[in-house]
2 protein chains.
Amino acid sequence: MLKSAKQAAALLAVVDTKQKNEALSLLALAIRYRRENILSENDKDVASACAAGQTSALVDRLTLTPSRIEDMARAVEHIITLPDPIGEVHDLSIRPNGLRVGRMRIPLGVIGIIYEARPNVAADASALCLKSGNAVVLRGGSDAANSNRILGEIIQEAVVKAGLPPASVQVMDDFDRELVLYLLQARDLVDLIIPRGGESLIRFVDENARVSTILHYKGVCHVYVDKDADLEKALPIVLNAKVQRPGVCNAMETLLIHKDVAVSFLPLAAQKLVESGVELRGCEKAREIVPGMKEATRADWEAEYLDLVLSVRIVDDIDMALKHIAEFGSSHTESIITENLSAAGRFLRDVQSSCVLVNASTRFNDGGELGLGAEIGISTTKLHAFGPMGLRELTASKFVVLGNGQIRQ
Amino acid sequence: MLKSAKQAAALLAVVDTKQKNEALSLLALAIRYRRENILSENDKDVASACAAGQTSALVDRLTLTPSRIEDMARAVEHIITLPDPIGEVHDLSIRPNGLRVGRMRIPLGVIGIIYEARPNVAADASALCLKSGNAVVLRGGSDAANSNRILGEIIQEAVVKAGLPPASVQVMDDFDRELVLYLLQARDLVDLIIPRGGESLIRFVDENARVSTILHYKGVCHVYVDKDADLEKALPIVLNAKVQRPGVCNAMETLLIHKDVAVSFLPLAAQKLVESGVELRGCEKAREIVPGMKEATRADWEAEYLDLVLSVRIVDDIDMALKHIAEFGSSHTESIITENLSAAGRFLRDVQSSCVLVNASTRFNDGGELGLGAEIGISTTKLHAFGPMGLRELTASKFVVLGNGQIRQ
């Protein structure tokens with residue numbers, strides 16, 4: 001399987017944009033056309049998951065509906081509209097000896113996607129990998145075995161119909177743990193592994209991979225309300241960062257407030273948050289301002305709640321805020337609310353997270369929102385990619401040089 | 001050591017350019033000022049290496065001379081003149097909701113350099129890491145223990161004098177193999193390992209590293225003389241690629257010649273190459289044109305001679321040349337000699353090597369020659385960097401976002 005993926009990757013690398021878009025277009029069509037087929041296979045997975053007593057969260061992630069299938073087809077169609085990164089030449093320069101030097105984007109090769117229950121990953125990831133000229137091997141969770149198998153079939157049919165090699169997209173449907181380990185360690189055959197799922201999956205991949213991986217563990221994201229914050233901007237941002245979608249990695253988990261504005265800001269913010277169903281856990285000073293708040297412990301500063309819970313800490317100054325973030329943050333997303341240029345500049349410079357914002361919600365750390373068009377994952381490690389990854393992050397750049405007979409002296 | 005490196009890295013990340021250049025300037029000064037000291041420590045290493053019966057190539061790499069020490073100081077001074085990549089913002093865009101999105105370059109963190117006998121790596125790599133805001137841990141070969149220790153001392157003194165943390169540059173001078181393994185596996189403390197040395201060192205690092213690595217095994221580089229080559233350009237390029245410095249990774253190892261120009265090109269090229277001391281090993285067709293040439297076997301197509309030996313193959317067309325390169329190349333450097341635009345375009349697109357050239361010598365695949373200013377190594381794997389790595393390749397880019405109260409809908 002991996003050998004055929006590698007062969008397919010070599011062919012895909014030089015396929016033109018028109019043919020890749022044709023494959024995506026056929027794929028979107030096939031997803032719609034075979035909707036009933038997908039739904040009935042998905043029903044089997046959902047039934048098994050319910051029978052096995054899986055959590056309702058997992059069952060929800062697993063379940064496909066006609067509208068979710070339509071979203072899948074639309075996501076594929078959206079990727080058709082994005083520019084093809086392959087062949088793009090950037091960083092052009094002319095050397096003193098007349099050599100014209102540039103860098104040309106090429107695919108990475110074979111990409112392994114290891115994921116859990118969400119069946120839509122199969123279509124999304126395949127479309128992004130195909131558009132960027134990469135072959136992909138999909139290994140979903142056993143919970144979604146039937147859904148992934150039918151989706152794999154549909155994708156492969158579309159790929160073949162467009163004249164691309166069938167091994168461009170392959171689904172591993174044997175759930176033997178040894179096979180995943182083999183995938184994680186096949187350095188000669190696989191160029192990159194992207195795991196998508198909960199912390200235990202990421203940890204398993206991190207601990208066992210010998211192939212390069214791009215991963216993110218968790219998002220312990222902070223909003224810092226500075227002493228020079230415009231509190232009328234701060235309130236909607238804080239609410240949005242916490243409650244708009246609390247279960248995702250770019251939701252705020254800890255609110256830091258400068259002591260000079262704590263008395264004027266915290267009571268109102270706490271009221272609005274509590275009205276939205278948020279449970280607050282505060283440091284001692286926060287609890288003096290808003291009595292009745294639960295006490296925050298060290299475990300709270302470290303927690304990724306992914307839920308309507310928020311820890312609140314009053315800080316003496318921006319230094320203490322930066323120190324808190326350096327100690328407890330997860331290099332994911334942090335935002336400062338301030339009208340002060342120096343404070344904003346310092347926060348942007350000193351916070352070493354994948355996305356650092358001024359006067360905006362942490363929820364914007366997302367490939368679509370930041371202008372990448374689509375996202376194959378997010379990286380909180382710095383090698384190769386940091387933050388949301390789009391098509392460009394699925395490429396490498398080789399040096400290309402045009403000469404006219406130059407030799408080195 | 002690694003923990004203090006990590007702390008130093010956090011401080012170095014926000015040091016301004018002036019202070020980093022000050023440290024480099026003090027370092028260049030100290031290298032010159034303590035020249036006798038360096039020479040006498042180096043003498044000890046050279047004496048031990050000779051006594052241990054090491055190869056003359058190793059002794060040469062190990063030996064420092066007044067002029068090599070001056071080169072070291074100048075290389076450090078040259079890095080002062082290069083632009084500081086840290087804080088540079090690129091890929092700016094404004095989103096429809098008014099968010100201003102950019103990407104800001106930040107250091108990677110802690111970089112481990114594992115190298116062999118060349119003592120100049122200590123100064124070069126330290127200067128590049130410092131300029132890009134990274135802390136560095138140097139682990140040289142035991143052959144150069146005394147040289148590396150004194151250089152480590154000198155570098156650390158300069159760093160401290162400039163007000164930077166002493167752990168910005170550290171030398172591991174315990175040669176216990178377990179310690180190298182620890183360095184290679186300290187994922188929480190080290191961000192990148194760059195090995196520099198021969199194939200067995202690279203293989204050791206590759207097999208044992210759990211930290212991300214950037215490496216290159218070998219350079220089996222090709223020049224393909226196309227049927228539409230200007231043979232007057234081809235001859236000097238072929239000679240330069242083979243004989244100007246045969247012992248380096250970007251020297252040509254195999255010459256591919258289109259059958260239509262073989263009879264007019266090969267005899268003259270062979271004569272010039274043999275006059276330069278090159279031993280030729282050819283395919284059957286090449287040996288028909290130039291009798292007396294030794295026969296090339298599969299081992300020759302795979303060989304990185306690093307010496308005045310060249311394998312020669314006559315190919316039927318560009319497809320056969322591309323196939324040969326895909327099968328036997330090492331993703332390092334390949335050049336086509338042609339006046340034909342389609343052939344040049346196809347070669348540039350289809351060859352997936354770190355540097356692909358048209359009408360120029362393979363010897364140009366070098367950070368300095370390609371305009372990077374300086375080089376910390378070269379990558380033949382595609383993740384993070386592909387080809388020569390300069391200061392920019394020692395950075396990551398975080399997303400920075402300027403808002404005015406935006407929240408996500």
# chains A, B, ... in the order shown; residues from 1 in each chain; ligands from 1

$ closest_atom_pairs --of "chain B" --to "chain A" --cutoff "7 Å" --atoms "only C-alpha atoms" --output "tab-separated table"
residue	atom	partner	partner_atom	distance
B:Val14	CA	A:Asp350	CA	6.5
B:Arg95	CA	A:Gly371	CA	7.0
B:Val101	CA	A:Leu370	CA	6.6
B:Leu108	CA	A:Lys382	CA	6.3
B:Lys233	CA	A:Gly405	CA	5.0
B:Ile237	CA	A:Ile407	CA	5.7
B:Asn240	CA	A:Ile407	CA	6.1
B:Leu348	CA	A:Val400	CA	6.7
B:Asp350	CA	A:Val14	CA	6.5
B:Ser353	CA	A:Lys398	CA	6.7
B:Ser354	CA	A:Lys398	CA	4.8
B:Cys355	CA	A:Phe399	CA	4.5
B:Val356	CA	A:Val400	CA	5.0
B:Leu357	CA	A:Val401	CA	4.6
B:Val358	CA	A:Leu402	CA	5.0
B:Asn359	CA	A:Gly403	CA	4.9
B:Ala360	CA	A:Gln406	CA	4.9
B:Ser361	CA	A:Ile407	CA	5.2
B:Arg363	CA	A:Arg408	CA	6.3
B:Phe364	CA	A:Arg408	CA	6.6
B:Leu370	CA	A:Val101	CA	6.6
B:Gly371	CA	A:Arg95	CA	7.0
B:Lys382	CA	A:Ala396	CA	5.6
B:Leu383	CA	A:His384	CA	5.8
B:His384	CA	A:His384	CA	3.7
B:Phe386	CA	A:Lys398	CA	5.9
B:Gly387	CA	A:Lys398	CA	6.7
B:Ala396	CA	A:Lys382	CA	5.6
B:Ser397	CA	A:Phe386	CA	6.4
B:Lys398	CA	A:Ser354	CA	4.8
B:Phe399	CA	A:Cys355	CA	4.5
B:Val400	CA	A:Val356	CA	5.0
B:Val401	CA	A:Leu357	CA	4.6
B:Leu402	CA	A:Val358	CA	5.0
B:Gly403	CA	A:Asn359	CA	4.9
B:Asn404	CA	A:Asn359	CA	5.3
B:Gly405	CA	A:Lys233	CA	5.0
B:Gln406	CA	A:Ala360	CA	4.9
B:Ile407	CA	A:Ser361	CA	5.2
B:Arg408	CA	A:Arg363	CA	6.3

$ select_by_dssp --residues "region 38-145 of chain B" --states "alpha helix (DSSP H)" --output "PyMOL selection string"
chain B and resi 38-51+56-62+66-81+120-131+145

$ closest_atom_pairs --of "region 35-110 of chain A" --to "region 120-140 of chain A" --cutoff "10 Å" --atoms "only C-alpha atoms" --output "Markdown table"
| residue | atom | partner | partner_atom | distance |
| --- | --- | --- | --- | --- |
| A:Arg61 | CA | A:Asn120 | CA | 9.4 |
| A:Leu62 | CA | A:Asn120 | CA | 8.9 |
| A:Thr63 | CA | A:Asn120 | CA | 9.9 |
| A:Leu64 | CA | A:Asn120 | CA | 8.4 |
| A:Arg68 | CA | A:Asn120 | CA | 8.3 |
| A:Ile69 | CA | A:Asn120 | CA | 8.0 |
| A:Asp71 | CA | A:Asn120 | CA | 8.9 |
| A:Met72 | CA | A:Asn120 | CA | 6.3 |
| A:Ala73 | CA | A:Ala123 | CA | 8.1 |
| A:Arg74 | CA | A:Asp124 | CA | 10.0 |
| A:Ala75 | CA | A:Asp124 | CA | 6.8 |
| A:Val76 | CA | A:Ala127 | CA | 6.0 |
| A:Glu77 | CA | A:Ala127 | CA | 9.0 |
| A:His78 | CA | A:Ala127 | CA | 9.7 |
| A:Ile79 | CA | A:Leu128 | CA | 6.9 |
| A:Ile80 | CA | A:Lys131 | CA | 7.7 |
| A:Leu82 | CA | A:Lys131 | CA | 8.8 |
| A:Pro83 | CA | A:Lys131 | CA | 9.0 |
| A:Asp84 | CA | A:Lys131 | CA | 6.5 |
| A:Pro85 | CA | A:Ser132 | CA | 6.4 |
| A:Ile86 | CA | A:Ser132 | CA | 6.3 |
| A:Arg105 | CA | A:Ser132 | CA | 9.5 |
| A:Ile106 | CA | A:Gly133 | CA | 7.8 |
| A:Pro107 | CA | A:Gly133 | CA | 5.4 |
| A:Leu108 | CA | A:Asn134 | CA | 6.4 |
| A:Gly109 | CA | A:Asn134 | CA | 5.1 |
| A:Val110 | CA | A:Ala135 | CA | 4.8 |

$ write_last_selection --atoms "C-alpha atoms" --output "mmCIF file, in the first residue's frame"
data_model
loop_
_atom_site.group_PDB
_atom_site.id
_atom_site.type_symbol
_atom_site.label_atom_id
_atom_site.label_comp_id
_atom_site.auth_asym_id
_atom_site.auth_seq_id
_atom_site.Cartn_x
_atom_site.Cartn_y
_atom_site.Cartn_z
ATOM 1 C CA ARG A 61 -18.884 13.331 15.569
ATOM 2 C CA LEU A 62 -19.463 10.014 13.828
ATOM 3 C CA THR A 63 -22.952 10.680 12.535
ATOM 4 C CA LEU A 64 -23.457 11.838 8.961
ATOM 5 C CA ARG A 68 -23.300 17.099 6.618
ATOM 6 C CA ILE A 69 -22.772 15.166 3.376
ATOM 7 C CA ASP A 71 -21.134 20.229 3.467
ATOM 8 C CA MET A 72 -18.523 17.611 2.577
ATOM 9 C CA ALA A 73 -19.232 18.021 -1.149
ATOM 10 C CA ARG A 74 -19.124 21.817 -0.808
ATOM 11 C CA ALA A 75 -15.784 21.707 1.040
ATOM 12 C CA VAL A 76 -14.351 19.709 -1.863
ATOM 13 C CA GLU A 77 -15.764 22.225 -4.353
ATOM 14 C CA HIS A 78 -14.283 25.074 -2.340
ATOM 15 C CA ILE A 79 -10.823 23.513 -2.664
ATOM 16 C CA ILE A 80 -11.252 23.602 -6.472
ATOM 17 C CA LEU A 82 -8.129 27.725 -4.318
ATOM 18 C CA PRO A 83 -4.948 28.424 -6.287
ATOM 19 C CA ASP A 84 -2.769 25.379 -6.981
ATOM 20 C CA PRO A 85 0.456 25.867 -5.002
ATOM 21 C CA ILE A 86 2.482 23.405 -7.109
ATOM 22 C CA ARG A 105 6.848 24.632 -4.717
ATOM 23 C CA ILE A 106 6.600 20.850 -5.042
ATOM 24 C CA PRO A 107 4.482 18.294 -3.152
ATOM 25 C CA LEU A 108 5.825 16.610 -0.025
ATOM 26 C CA GLY A 109 5.070 13.115 -1.357
ATOM 27 C CA VAL A 110 3.042 10.653 0.715
#

$ closest_residue --among "A:Ala30, A:Leu268, A:Leu189, A:Met320" --to "Leu231 (chain A)" --atoms "only C-alpha atoms"
A:Leu268

$ residues_around --residues "Ile257 (chain B)" --least-positions-apart "6" --cutoff "10 Å" --atoms "only C-alpha atoms" --output "ChimeraX atom specification"
/B:223-227,229,263,265-266,286,312-318,321,336-337

$ select_by_dssp --residues "region 133-206 of chain B" --states "strand (DSSP E)" --output "number ranges by chain"
B: 135-139, 169-171, 192-196

$ atom_distance --atom1 "CA of Ile155 (chain B)" --atom2 "CA of Leu29 (chain B)"
10.5 Å

$ residues_around --residues "Leu372 (chain A)" --least-positions-apart "3" --cutoff "9 Å" --atoms "only C-alpha atoms" --output "ChimeraX atom specification"
/A:82,366-369,375,388-392
